Every structure is written in structure tokens, then in C-alpha cells.
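Asker: Let me give you the structure first, and then I'll get to my questions.
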Amino acid sequence: MAEGTSGGPAGVGRWTRFVTARPRLSLLLALVFTALAVVAGSGAADRMSGGGWQDPASESVYAAEALDEQFPGARPNLLLLVDSGRPDGVDDPAVAAEAERLSERLAAVDSVEGVTSYWAAAQAAQSAGQQEPDRAEGAGEAQRAAAQAAGLRSEDGSEALVAARITGDETHAREVFDGLAPDLRGEHGPVEVRLGGQVAVYDDLQTTIQEDLLRAEIIALPVTLLLLIVVFGSAVAALLPLAVGIVAILGTNAVLRGLTEFAEVSVFAQNLTTALGLGLAIDYALFIVRRYREELAAGADPLGAVGTTLRTAGRTVLFSALTVAVSLSAMLMFPQYFLRSFAYAGIAVVLLAAVAALTVLPAALVLLGPRVNSWRILPRRGGGTPGGAESGRGWARLAKLVMRRAPVFAVLTTAGLVLLGLPFLRVEFGAADDRQLPGSAQSHQVQELLREDFPGTPGGTIEIYVEGDPAAGELAGYRERIAALDGVEQVDGPVMEAGTGYLTVVGESEAVDAASQDLVRDIRGLAPPFEASVTGEAADLVDAKDSIASVLPWAALMIVLATLILLFLLTGSVLIPFVAVVLNALSLTAMFGAIVWIFQDGNLSGVLNFTATGAIETTLPVLMFCVAFGLSMDYGVFLLSRIKEEYDRTGDQDRAVVFGLRRTGGLITAAAVILAVVMFAIGTSRVTNTKMLGIGLALAVLMDAMVVRGLLVPAVLKLTGAATWWAPGPLRRFHERVERSGFGEGGPGTPGQEQPPADRSDDLATVGKR
């Protein structure tokens, strides 16, 4: 076993000597890195943003930015809901006077523009009607002001709005809002004020996510530690994966904090950092520590055991990290910073988890030696625990059963997975809004009142930005053509200034339903003789869907090609990479079917405490696919590497499959259960998108580990038989050169090496019993 430190390719020997020569120094450097990461990552959440679902190059974003700059009042992002509490409602003189004072205070704040209110609009309508009641222009102005006032007043007259725009980017707007909110919110003389609008929603999102993330960590860490103790039986061994996870999480937090200096980063990415940081660190550490304990039990000294572990399990961890990182990096191709943020977080946490597992962990194992089994809490009997003796034999029996009835298991399992995914065929894509917040969030309450009690609200309309100094006749004709479209209730404007202006279209349907999206497309199809750009919630959604649809095929192709290449380098097989990609895709069907059945249709909404909107946010399926595909490939690499190791040793396909599943079945299941616990802890979030992410990924992980790896893989490998490991001559010779280079080298069971004794214990917890 000592050859693990010097035998095999030179690269492995050098790496082993490097990470084990000064183990105390390695651990000290890791401690310093972690401390610096804590300092560097402080305040990261406060600099993150709550949006990021739009394509910055889209027409809707261009029009929105132009309107925000030139006509701030056209798109207010801060709403003050003024509750009168008086018999005369909002028209009570005392209420009007207090509302005017609030408006003046708001208008005096730097970075706040476009302040308007129901009372100002009502006064403007009255003045316009009194000054020139007989002129068409005066009557039109009075009518537009009256329509604006009606939209800012509740139907029962008890509540009305003050609207304004906080200028600047999302981070600056939130800082201004945080300074204003304590003074604006609450009772003011005869009125009570509640805050809504986009900036209030984003502020509540960030606050809620930070609180929920802390709670998820408090839930996940002790449960994870308990499960690790069950798996290893030893407190010392159980603490090692947590140490790797903490290094990865804190390091990634520092990376995200640095990225906020020159890029927008979504606050949602922190959830993925915690989930993947713990999950993958535990996966990698489980694989390495388990193999190290196995080598110690077989008689190796600590250095020899570490060398063999790095040459086998370490190689698997390297390939696993690369496949997961590649899957996550596909999100960099999308223009939405919501998706790009998850790529930043995911790639960083995966690579840091792998580096910690391949450097810090070997150094700790060298120092611990046999003491890795110290502080034993559970009895030495392994049966019944994940990865225990009985469990290992159970996986072997399952593999033999499946291979005896391979066609039946392959067909029935595939059919079952497809059936679970069928609800996704009726998916409806929508936009994220305040309804992903809990009902206790004030911004959600305000926006819900606007939808239910107000005839027309800012933000629920379609705005059209016009430029090029169009003639009055052209604008009038364009306005009439818009008003004649199906689904249009009224058209306000145009409001013109210095050759540019805007019109506001109020539709008959909900802000982002299918009819509103069709109306956006109809307006864009009118093609006026001047530049006109359409924005608003429905336009944002139309552009987001088009943007994702245009990039998605290329992102999927990138993931598939990169996965095929990496799996070929791992296995030397042409067929295995294609089989793995197909099986991975099948493992995701239950997740996609579940998110539609639960979150779109609203089933379990009472139990899970969320508001169903009848749609799934457009970017979420892309995110969940990339993350779940990478995690599924993670488990696939673990299983395939052990099957390949045994096949190279014996040339017996059936024996290799049974051996691989027996050696990794319990390990993968334990890792999946632990990762699912972390994901379900994330799924306790009060934010619907985060809840959907956590629950959906937990289901995908469990389905992949327990169904795909336990049933489909052995069935398919039995059916493919000897062809499983075939490759044409040129590719086979290329793979052999890669192996000799040290990147793709196999484990101790390479062809021609002595086969291990037949009675060598095959259970996954053997070393914990010796």
C-alpha cells in the first residue's frame, strides 16, 4: 500500500508528498484562509440585490432605464399606502393635509424623484377643469388627471397612494429606502402608512432570505453532524466533512463579496452556497475518509493510506468537482444576473470544497492516523446504519436481483420516472413578484391590497417609451391604434419632453398573464413611424422568456458535451458517457413534475405556507436543471469509478457492477440523505422561490441516489454488457496516454495488478468496525 505515495504516475506521488509533507503547516494555512474569508466576506448580503430576472440587453430593460432617467414619475418603485381610518376616507381634509406633508418630506430627499399622489392628481384634475372647461385640451388634461387620481385611490375610498421613484441601482435604492422606511412607516397623525413597491419588496426579500438562511444553517448543521456520526460511528471522522464544508462556505462568501464590487449578485445565491458547500463537502469527505479508513483497516500506514486514497477516491473527487462545475458554469451563458450569480456561487463552492477535500483533509488524516476512529459514539456493530455491513450486503443482493430482471427493471423504472415528470408538460412561466414573500411581509400586504382594492396601480401597466421627436399627428394615430387593440382598457398620454415621451397602457387582464403578454406582442407589432420601446411587467416576462429560450439549447449542449468528455476521460468508454447523461436527465423528471404540481397548481400550499400564483418563475427551472444535473453526475461519478476499478481488475462486468454498488450504494445513499436534509432545511424558507429550490433539489437528489443509481444503472449496464467499456482504437490509445499523464490514472486495481483477496470485506463500514 505504500506505493500510494510513490507508485503510479509521478503527478500523484508529487501531489501526495506536497499535501502530506507538512500537514500542520497545511492546516495552519487553511485556518488563516478561513479567518481571512470571514473578514473579507463580512457584509456580503447587504451588497447583494433582490432582482436579476431580466435580460439587460432587452427592449423592456432599455425602455425602463430610459423612462427612469427622463421620466421618474412614470415608473414609481416606492409606494406609500395611506390608510385614512376616517368616515370621509382619504378626502378628509386632515388626511389630505397629512398626505401632503408626507409627499413634501419624500420629495426633499436626495435620490427621490417623481413624487405624486392621489391628492395631487385630484387637485390637478380639479384645477384643469376649472381653468379651461370649454377647451378640448383643458378637458383632456382634466380627464387624464382624474384617471390618474382614480388609479391611486382604493375603490372604497379608505386608502390612497403616494408614489415616488428612488433613483440609482438596486443597491443604492435599498440604502436610501433603509434610511427612509423607519420614518415613513407607521402612524402619522390621522393616518397609518405602509410601504410597498419594488424597492420595498426587494428589501423584504433580502431581509427574509438572510433570516431564513441563518435558521436553515441552525437546523442543518446539528442534523448533519448527527447523520455523519451514524455513518462513521466516530465523532472525529464525522467532524472532518463539516470542517471542509465550513471552509468552502466561508471562502465562497468572500468570493461573492468581492464580485459585488464590479457585478450585480443576487441575494438568492447565498442559499446555494450553504446547500452545495455542506452537501458537496460532505460527499467528497465521505468518499475520501471512507476510503482512507478502508486502507488503514487493510494494513496500510497513514502515509500509504493517504496515497492510495488520493490515487483512487481523490481522482473521483476531482472528476466529480469538474463535472458539477461545468454544469453550473452553463448559467454564465445567460444574461440574467440572477442565473449568473448562482454560477458564481456554485463554481466557487464546488472548487473550494474539492480543494479543501484534496489538501486539508489528507493533511488532517496523516496527523490523525488510526485516531480518525476516535471518540466512538455508536457501537461497533455496522448493521443497519447507512453504509453498514448489512446495508452493503443488501446493495449487493439488490444489484444481483436487478441484473437478473434487467429489461423489466429498466422499462418499469423509466416509465415511472417519465410519469412523475408529466405535470411539467403544462408548466406556465411567470415573473417573480411580492407573492413569493410570506403574508407577514408588509410589502406583500400592500401589493395584495393594490391588486384587490385599486382599479389601476403603478407597475401593473404597460409603458411605451417613444423617441425621435415624433409629430403630434403620428403620436395621435399610434395612440388610437393601441386603443383599438383587444384587451386594452385605456391609453394615457403621451407625456412629452425634449423630443421623447411615453404612453401608459392599462390592460383588462392581470399584469403578467397570457393576455397581457399577447398585448405586449400586439403593441410591438404595430411598427409606428418612430422609435417605440415597450416595457412593464408583461414586457419583462416576454423578453425574459425569449432570452432564455434563445440561450437554453446552447447551454444544454455545453453541459452535455463537457460531461461526455469528462466521463470519457474517467472511464475510457464511449457508451458510458451517453448512458450517464440520459440517466441523469431521467433522474430530474420527478423534480420538474413536483414543482408544477406543488408550486404552480398550489397543492400543499397550505402545508408549506406559500402563495400559489399559477406559474413558475422563468429562470428557476434553468437553475434547478443545472444544479440537479451536476449533483446527479456527482453520484454517477462515484458509482462508475468504483465499477470501472473492479472491471479493470477482473474483466467481469457483472461482478464489477455488484462490487461497485455494494461499495458505494450505502455511501451514496448516506450522502444523498445528508444533502437532502440540507436542501429541505433551505426549503423551510418563507420565500417561495427558495422553498421551491430546496424542496425540488432534495427530491432530485433522493430520486437519483435511490432509484437511478440503485435500479436503472445496474439494469442498463447489464443490458449493455461487454460493449459498456468499448472505445475505438484511436480513442482508447488517447485515454491510455491520459492515464499515463497522471490525470486519468486508475486506482490500485489497474489491469495486470494483483486482485485483492476474495474475502476482503466489501461492506462500506468495515473500517469503522476494526
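We name chains A, B, ... following the order of the C-alpha cells; residues begin at 1 in each chain, and ligands are numbered from 1 as shown.
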Sort by chain and increasing residue number a table of all residues of segment 327-408 of chain A within 12 Å of segment 602-618 of chain A, each with its closest pair of atoms and their distance in Å to one decimal, counting only C-alpha atoms, and write it as JSON lines.
Answerer:
{"residue": "A:Gln336", "atom": "CA", "partner": "A:Thr618", "partner_atom": "CA", "distance": 10.8}
{"residue": "A:Phe338", "atom": "CA", "partner": "A:Thr618", "partner_atom": "CA", "distance": 11.0}
{"residue": "A:Leu339", "atom": "CA", "partner": "A:Thr618", "partner_atom": "CA", "distance": 10.7}
Asker: Would you write out those residues with all heavy atoms, as a compact mmCIF listing (two decimals), in the first residue's frame?
Answerer:
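Written output follows (again.txt):
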# COMPACT_ATOMS: atom_id res chain seq x y z
N GLN A 336 -29.16 37.05 -17.56
CA GLN A 336 -29.79 37.44 -16.30
C GLN A 336 -28.81 37.25 -15.14
O GLN A 336 -28.27 36.15 -14.96
CB GLN A 336 -31.05 36.60 -16.04
CG GLN A 336 -32.20 36.88 -16.97
CD GLN A 336 -32.12 36.12 -18.29
OE1 GLN A 336 -31.16 35.39 -18.53
NE2 GLN A 336 -33.12 36.28 -19.14
N PHE A 338 -29.41 36.99 -12.11
CA PHE A 338 -29.93 36.02 -11.16
C PHE A 338 -29.29 34.66 -11.41
O PHE A 338 -28.79 34.01 -10.48
CB PHE A 338 -31.46 35.93 -11.30
CG PHE A 338 -32.10 34.86 -10.45
CD1 PHE A 338 -32.34 35.09 -9.10
CD2 PHE A 338 -32.45 33.64 -10.98
CE1 PHE A 338 -32.93 34.12 -8.30
CE2 PHE A 338 -33.04 32.65 -10.20
CZ PHE A 338 -33.28 32.90 -8.86
N LEU A 339 -29.26 34.21 -12.66
CA LEU A 339 -28.66 32.93 -13.00
C LEU A 339 -27.14 32.99 -12.91
O LEU A 339 -26.49 32.06 -12.42
CB LEU A 339 -29.08 32.51 -14.41
CG LEU A 339 -30.54 32.08 -14.57
CD1 LEU A 339 -30.87 31.83 -16.03
CD2 LEU A 339 -30.84 30.84 -13.74
Asker: Please identify all polymer residues within 8 Å of segment 43-59 of chain A, counting only C-alpha atoms, omitting same-chain residues fewer than 6 positions from it, and present them as a short mmCIF file (atom, residue, chain, number, x, y, z; two decimals) with N, CA and C atoms, in the first residue's frame.
Answerer:
data_model
loop_
_atom_site.label_atom_id
_atom_site.label_comp_id
_atom_site.auth_asym_id
_atom_site.auth_seq_id
_atom_site.Cartn_x
_atom_site.Cartn_y
_atom_site.Cartn_z
N GLU A 170 -29.99 49.02 -7.75
CA GLU A 170 -30.74 48.35 -6.69
C GLU A 170 -30.09 48.52 -5.32
N THR A 171 -28.76 48.45 -5.29
CA THR A 171 -28.06 48.59 -4.01
C THR A 171 -28.25 49.97 -3.42
N TYR A 202 -37.95 44.15 -2.67
CA TYR A 202 -36.57 43.67 -2.68
C TYR A 202 -35.94 43.76 -1.29
N ASP A 203 -36.27 44.81 -0.55
CA ASP A 203 -35.73 44.93 0.80
C ASP A 203 -36.26 43.81 1.69
N LEU A 205 -37.28 40.92 0.65
CA LEU A 205 -36.68 39.68 0.17
C LEU A 205 -35.32 39.45 0.80
N GLN A 206 -34.46 40.48 0.78
CA GLN A 206 -33.12 40.32 1.32
C GLN A 206 -33.14 40.05 2.81
N GLN A 210 -31.95 36.40 4.47
CA GLN A 210 -30.87 36.34 5.46
C GLN A 210 -31.35 35.65 6.74
N ASN A 253 -18.36 32.82 0.31
CA ASN A 253 -18.95 34.09 0.74
C ASN A 253 -18.00 35.25 0.48
N ALA A 254 -16.71 35.02 0.71
CA ALA A 254 -15.71 36.06 0.43
C ALA A 254 -15.62 36.33 -1.08
N LEU A 256 -18.05 35.98 -3.28
CA LEU A 256 -19.25 36.74 -3.67
C LEU A 256 -19.14 38.20 -3.23
N ARG A 257 -18.59 38.41 -2.05
CA ARG A 257 -18.41 39.80 -1.59
C ARG A 257 -17.50 40.56 -2.53
N THR A 260 -19.30 41.58 -5.77
CA THR A 260 -20.26 42.68 -5.68
C THR A 260 -19.62 44.03 -5.97
N GLU A 264 -23.42 42.75 -10.41
CA GLU A 264 -24.62 42.52 -9.61
C GLU A 264 -24.66 41.05 -9.19
N VAL A 265 -24.93 40.80 -7.92
CA VAL A 265 -25.00 39.44 -7.40
C VAL A 265 -26.33 39.29 -6.67
N SER A 266 -27.06 38.24 -6.99
CA SER A 266 -28.37 38.02 -6.38
C SER A 266 -28.22 37.48 -4.97
N VAL A 267 -29.04 37.99 -4.08
CA VAL A 267 -29.02 37.53 -2.69
C VAL A 267 -29.44 36.06 -2.58
N PHE A 268 -30.18 35.56 -3.57
CA PHE A 268 -30.60 34.16 -3.56
C PHE A 268 -29.41 33.22 -3.65
N GLN A 270 -26.82 33.01 -1.99
CA GLN A 270 -26.32 32.56 -0.70
C GLN A 270 -26.92 31.22 -0.29
N PRO A 335 -27.88 35.97 -19.80
CA PRO A 335 -27.63 37.38 -19.46
C PRO A 335 -28.21 37.81 -18.13
N GLN A 336 -29.16 37.05 -17.56
CA GLN A 336 -29.79 37.44 -16.30
C GLN A 336 -28.81 37.25 -15.14
N TYR A 337 -28.58 38.29 -14.36
CA TYR A 337 -27.60 38.13 -13.28
C TYR A 337 -28.11 37.25 -12.16
N PHE A 338 -29.41 36.99 -12.11
CA PHE A 338 -29.93 36.02 -11.16
C PHE A 338 -29.29 34.66 -11.41
N LEU A 339 -29.26 34.21 -12.66
CA LEU A 339 -28.66 32.93 -13.00
C LEU A 339 -27.14 32.99 -12.91
N SER A 533 -40.43 51.75 -27.72
CA SER A 533 -39.96 50.59 -26.96
C SER A 533 -40.94 50.32 -25.83
N VAL A 534 -41.32 49.05 -25.68
CA VAL A 534 -42.36 48.66 -24.72
C VAL A 534 -41.72 48.05 -23.48
N THR A 535 -42.20 48.46 -22.31
CA THR A 535 -41.72 47.91 -21.06
C THR A 535 -42.89 47.68 -20.11
N ASP A 540 -41.37 42.62 -19.54
CA ASP A 540 -40.21 41.98 -18.91
C ASP A 540 -40.29 40.47 -19.04
N LEU A 541 -41.48 39.93 -18.79
CA LEU A 541 -41.65 38.48 -18.85
C LEU A 541 -41.49 37.96 -20.28
N ASP A 543 -39.74 39.25 -22.70
CA ASP A 543 -38.33 39.32 -23.08
C ASP A 543 -37.50 38.28 -22.33
N ALA A 544 -37.82 38.04 -21.05
CA ALA A 544 -37.07 37.04 -20.29
C ALA A 544 -37.27 35.65 -20.90
N SER A 547 -35.34 35.45 -24.15
CA SER A 547 -33.90 35.40 -23.89
C SER A 547 -33.47 34.01 -23.45
N THR A 619 -36.75 31.73 -14.67
CA THR A 619 -35.36 31.29 -14.56
C THR A 619 -35.16 30.08 -13.66
#
Asker: Could you write out, as a list in words, all the residues of segment 29-181 of chain A that DSSP marks as strand (DSSP E)?
Answerer: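 So the strand (DSSP E) residues in segment 29-181 of chain A would be Leu78, Leu79, Leu80, Leu81, Val82, Asp83, Val112, Glu113, Gly114, Val115, Thr116, Ser117, Glu159, Ala160, Leu161, Val162, Ala163, Ala164, Arg165 and Ile166 of chain A.
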Asker: Could those residues be written to a file, using N, CA, C and O atoms, as a PDB file, in the first residue's frame?
Answerer:
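Printed below is part_1.pdb as written:
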ATOM      1  N   LEU A  78     -41.468  53.065  -5.216  1.00  0.00           N
ATOM      2  CA  LEU A  78     -41.812  53.198  -3.803  1.00  0.00           C
ATOM      3  C   LEU A  78     -43.249  53.684  -3.694  1.00  0.00           C
ATOM      4  O   LEU A  78     -43.612  54.707  -4.290  1.00  0.00           O
ATOM      5  N   LEU A  79     -44.054  52.944  -2.938  1.00  0.00           N
ATOM      6  CA  LEU A  79     -45.457  53.300  -2.749  1.00  0.00           C
ATOM      7  C   LEU A  79     -45.757  53.429  -1.259  1.00  0.00           C
ATOM      8  O   LEU A  79     -45.395  52.550  -0.473  1.00  0.00           O
ATOM      9  N   LEU A  80     -46.394  54.538  -0.899  1.00  0.00           N
ATOM     10  CA  LEU A  80     -46.869  54.731   0.466  1.00  0.00           C
ATOM     11  C   LEU A  80     -48.375  54.523   0.460  1.00  0.00           C
ATOM     12  O   LEU A  80     -49.119  55.299  -0.176  1.00  0.00           O
ATOM     13  N   LEU A  81     -48.821  53.444   1.104  1.00  0.00           N
ATOM     14  CA  LEU A  81     -50.249  53.184   1.210  1.00  0.00           C
ATOM     15  C   LEU A  81     -50.762  53.912   2.448  1.00  0.00           C
ATOM     16  O   LEU A  81     -50.426  53.553   3.575  1.00  0.00           O
ATOM     17  N   VAL A  82     -51.553  54.948   2.218  1.00  0.00           N
ATOM     18  CA  VAL A  82     -52.060  55.795   3.296  1.00  0.00           C
ATOM     19  C   VAL A  82     -53.467  55.343   3.660  1.00  0.00           C
ATOM     20  O   VAL A  82     -54.386  55.434   2.843  1.00  0.00           O
ATOM     21  N   ASP A  83     -53.624  54.850   4.892  1.00  0.00           N
ATOM     22  CA  ASP A  83     -54.916  54.381   5.390  1.00  0.00           C
ATOM     23  C   ASP A  83     -55.531  55.500   6.222  1.00  0.00           C
ATOM     24  O   ASP A  83     -54.972  55.936   7.226  1.00  0.00           O
ATOM     25  N   VAL A 112     -34.661  60.848  -4.555  1.00  0.00           N
ATOM     26  CA  VAL A 112     -36.092  60.576  -4.703  1.00  0.00           C
ATOM     27  C   VAL A 112     -36.671  61.581  -5.688  1.00  0.00           C
ATOM     28  O   VAL A 112     -36.533  62.790  -5.510  1.00  0.00           O
ATOM     29  N   GLU A 113     -37.311  61.070  -6.741  1.00  0.00           N
ATOM     30  CA  GLU A 113     -37.882  61.929  -7.773  1.00  0.00           C
ATOM     31  C   GLU A 113     -39.278  61.430  -8.144  1.00  0.00           C
ATOM     32  O   GLU A 113     -39.687  60.339  -7.761  1.00  0.00           O
ATOM     33  N   GLY A 114     -39.967  62.274  -8.902  1.00  0.00           N
ATOM     34  CA  GLY A 114     -41.268  61.875  -9.448  1.00  0.00           C
ATOM     35  C   GLY A 114     -42.330  61.621  -8.402  1.00  0.00           C
ATOM     36  O   GLY A 114     -43.173  60.742  -8.579  1.00  0.00           O
ATOM     37  N   VAL A 115     -42.316  62.385  -7.302  1.00  0.00           N
ATOM     38  CA  VAL A 115     -43.308  62.170  -6.245  1.00  0.00           C
ATOM     39  C   VAL A 115     -44.679  62.641  -6.725  1.00  0.00           C
ATOM     40  O   VAL A 115     -44.825  63.773  -7.206  1.00  0.00           O
ATOM     41  N   THR A 116     -45.653  61.764  -6.606  1.00  0.00           N
ATOM     42  CA  THR A 116     -47.025  62.123  -6.940  1.00  0.00           C
ATOM     43  C   THR A 116     -47.947  61.417  -5.949  1.00  0.00           C
ATOM     44  O   THR A 116     -47.511  60.571  -5.176  1.00  0.00           O
ATOM     45  N   SER A 117     -49.210  61.772  -5.968  1.00  0.00           N
ATOM     46  CA  SER A 117     -50.137  61.177  -5.015  1.00  0.00           C
ATOM     47  C   SER A 117     -51.560  61.320  -5.534  1.00  0.00           C
ATOM     48  O   SER A 117     -51.831  62.070  -6.486  1.00  0.00           O
ATOM     49  N   GLU A 159     -58.386  54.219   1.372  1.00  0.00           N
ATOM     50  CA  GLU A 159     -56.924  54.215   1.230  1.00  0.00           C
ATOM     51  C   GLU A 159     -56.537  54.873  -0.084  1.00  0.00           C
ATOM     52  O   GLU A 159     -57.289  54.856  -1.061  1.00  0.00           O
ATOM     53  N   ALA A 160     -55.348  55.454  -0.097  1.00  0.00           N
ATOM     54  CA  ALA A 160     -54.823  56.060  -1.322  1.00  0.00           C
ATOM     55  C   ALA A 160     -53.305  55.980  -1.280  1.00  0.00           C
ATOM     56  O   ALA A 160     -52.701  55.618  -0.268  1.00  0.00           O
ATOM     57  N   LEU A 161     -52.698  56.363  -2.411  1.00  0.00           N
ATOM     58  CA  LEU A 161     -51.257  56.148  -2.572  1.00  0.00           C
ATOM     59  C   LEU A 161     -50.488  57.446  -2.748  1.00  0.00           C
ATOM     60  O   LEU A 161     -50.975  58.401  -3.376  1.00  0.00           O
ATOM     61  N   VAL A 162     -49.260  57.432  -2.209  1.00  0.00           N
ATOM     62  CA  VAL A 162     -48.217  58.374  -2.588  1.00  0.00           C
ATOM     63  C   VAL A 162     -47.164  57.554  -3.310  1.00  0.00           C
ATOM     64  O   VAL A 162     -46.699  56.538  -2.777  1.00  0.00           O
ATOM     65  N   ALA A 163     -46.804  57.941  -4.521  1.00  0.00           N
ATOM     66  CA  ALA A 163     -45.862  57.170  -5.334  1.00  0.00           C
ATOM     67  C   ALA A 163     -44.627  58.002  -5.618  1.00  0.00           C
ATOM     68  O   ALA A 163     -44.711  59.228  -5.782  1.00  0.00           O
ATOM     69  N   ALA A 164     -43.459  57.337  -5.684  1.00  0.00           N
ATOM     70  CA  ALA A 164     -42.200  58.039  -5.963  1.00  0.00           C
ATOM     71  C   ALA A 164     -41.210  57.059  -6.551  1.00  0.00           C
ATOM     72  O   ALA A 164     -41.422  55.839  -6.538  1.00  0.00           O
ATOM     73  N   ARG A 165     -40.128  57.599  -7.047  1.00  0.00           N
ATOM     74  CA  ARG A 165     -39.039  56.776  -7.601  1.00  0.00           C
ATOM     75  C   ARG A 165     -37.755  57.075  -6.853  1.00  0.00           C
ATOM     76  O   ARG A 165     -37.327  58.232  -6.777  1.00  0.00           O
ATOM     77  N   ILE A 166     -37.140  56.029  -6.265  1.00  0.00           N
ATOM     78  CA  ILE A 166     -35.791  56.153  -5.714  1.00  0.00           C
ATOM     79  C   ILE A 166     -34.832  55.811  -6.838  1.00  0.00           C
ATOM     80  O   ILE A 166     -34.848  54.703  -7.378  1.00  0.00           O
TER      81      ILE A 166
END
Asker: Residues within 8 Å of Ala94 of chain A, please, as number ranges by chain. Count only C-alpha atoms; anything in the same chain fewer than 3 positions from it doesn't count.
Answerer: A: 97-98, 190
Asker: I'd like to know which of A:Asp110, A:Glu295, A:Glu217, A:Glu646 is closest to Thr309 of chain A, using only C-alpha atoms.
Answerer: A:Glu295
Asker: Can I get the residues of segment 485-554 of chain A within 10 Å of segment 413-434 of chain A, each with the closest pair of atoms and their distance in Å to one decimal, using only C-alpha atoms, sorted chain first then ascending number, as CSV?
Answerer:
residue,atom,partner,partner_atom,distance
A:Ala511,CA,A:Ala431,CA,9.9
A:Val512,CA,A:Gly430,CA,6.9
A:Asp513,CA,A:Gly430,CA,7.7
A:Ala514,CA,A:Glu428,CA,9.3
A:Glu537,CA,A:Ala431,CA,7.8
A:Ala538,CA,A:Ala431,CA,8.4
A:Asp540,CA,A:Ala431,CA,8.2
A:Leu541,CA,A:Ala431,CA,6.1
A:Val542,CA,A:Gly430,CA,9.3
A:Ala544,CA,A:Ala431,CA,8.9
A:Lys545,CA,A:Phe429,CA,8.0
Asker: Might you pull out every residue within 9 Å of Ser84 of chain A, with only C-alpha atoms counted and same-chain residues fewer than 3 positions away left off, and present them as a CSV table (one decimal) with C-alpha atoms, in the first residue's frame?
Answerer:
chain,number,residue,atom,x,y,z
A,87,PRO,CA,-65.5,58.2,7.9
A,88,ASP,CA,-64.8,60.6,5.0
A,89,GLY,CA,-61.9,58.4,3.8
A,90,VAL,CA,-59.0,59.8,2.0
A,91,ASP,CA,-60.9,63.0,1.1
A,92,ASP,CA,-61.0,64.1,4.7
A,95,VAL,CA,-55.9,63.2,5.8
A,157,GLY,CA,-62.2,55.4,-0.7
A,158,SER,CA,-60.5,54.4,2.6
A,159,GLU,CA,-56.9,54.2,1.2
A,160,ALA,CA,-54.8,56.1,-1.3
A,190,PRO,CA,-54.7,60.8,11.4
A,191,VAL,CA,-53.2,58.2,9.0
A,192,GLU,CA,-51.3,55.0,9.1
Asker: Quick one, how far is atom CA of Ser632 of chain A from atom CA of Leu588 of chain A?
Answerer: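 Interatomic distance here is 8.6 Å.
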Asker: Quick one: everything within 7 Å of Thr500 of chain A, counting only C-alpha atoms, minus sequence neighbours fewer than 6 positions away in the same chain. Send it as an mmCIF file with N, CA and C atoms, in the first residue's frame.
Answerer:
data_model
loop_
_atom_site.group_PDB
_atom_site.id
_atom_site.type_symbol
_atom_site.label_atom_id
_atom_site.label_comp_id
_atom_site.auth_asym_id
_atom_site.auth_seq_id
_atom_site.Cartn_x
_atom_site.Cartn_y
_atom_site.Cartn_z
ATOM 1 N N VAL A 466 -41.215 56.549 -26.292
ATOM 2 C CA VAL A 466 -41.101 56.994 -27.688
ATOM 3 C C VAL A 466 -39.981 58.021 -27.784
ATOM 4 N N GLU A 467 -39.280 57.994 -28.902
ATOM 5 C CA GLU A 467 -38.167 58.926 -29.111
ATOM 6 C C GLU A 467 -38.067 59.251 -30.591
ATOM 7 N N GLY A 468 -37.249 60.233 -30.906
ATOM 8 C CA GLY A 468 -37.102 60.654 -32.295
ATOM 9 C C GLY A 468 -37.970 61.834 -32.657
ATOM 10 N N ASP A 469 -38.482 62.540 -31.620
ATOM 11 C CA ASP A 469 -39.293 63.738 -31.831
ATOM 12 C C ASP A 469 -40.438 63.491 -32.812
#
Asker: Quick one, how far is atom CA of Ala99 of chain A from atom CA of Val495 of chain A?
Answerer: 25.2 Å
Asker: Got a sec: who's within 7 Å of Val366 of chain A, counting only C-alpha atoms, leaving out chain neighbours fewer than 6 positions off, as a list in words?
Answerer: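 Everything that qualifies: Thr20, Pro302 and Leu303 of chain A.
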Asker: Which residue, A:Cys626, A:Leu228, A:Gly710, A:Thr571, has the smallest gap to Glu739 of chain A when you use only C-alpha atoms?
Answerer: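 Closest candidate: A:Thr571.
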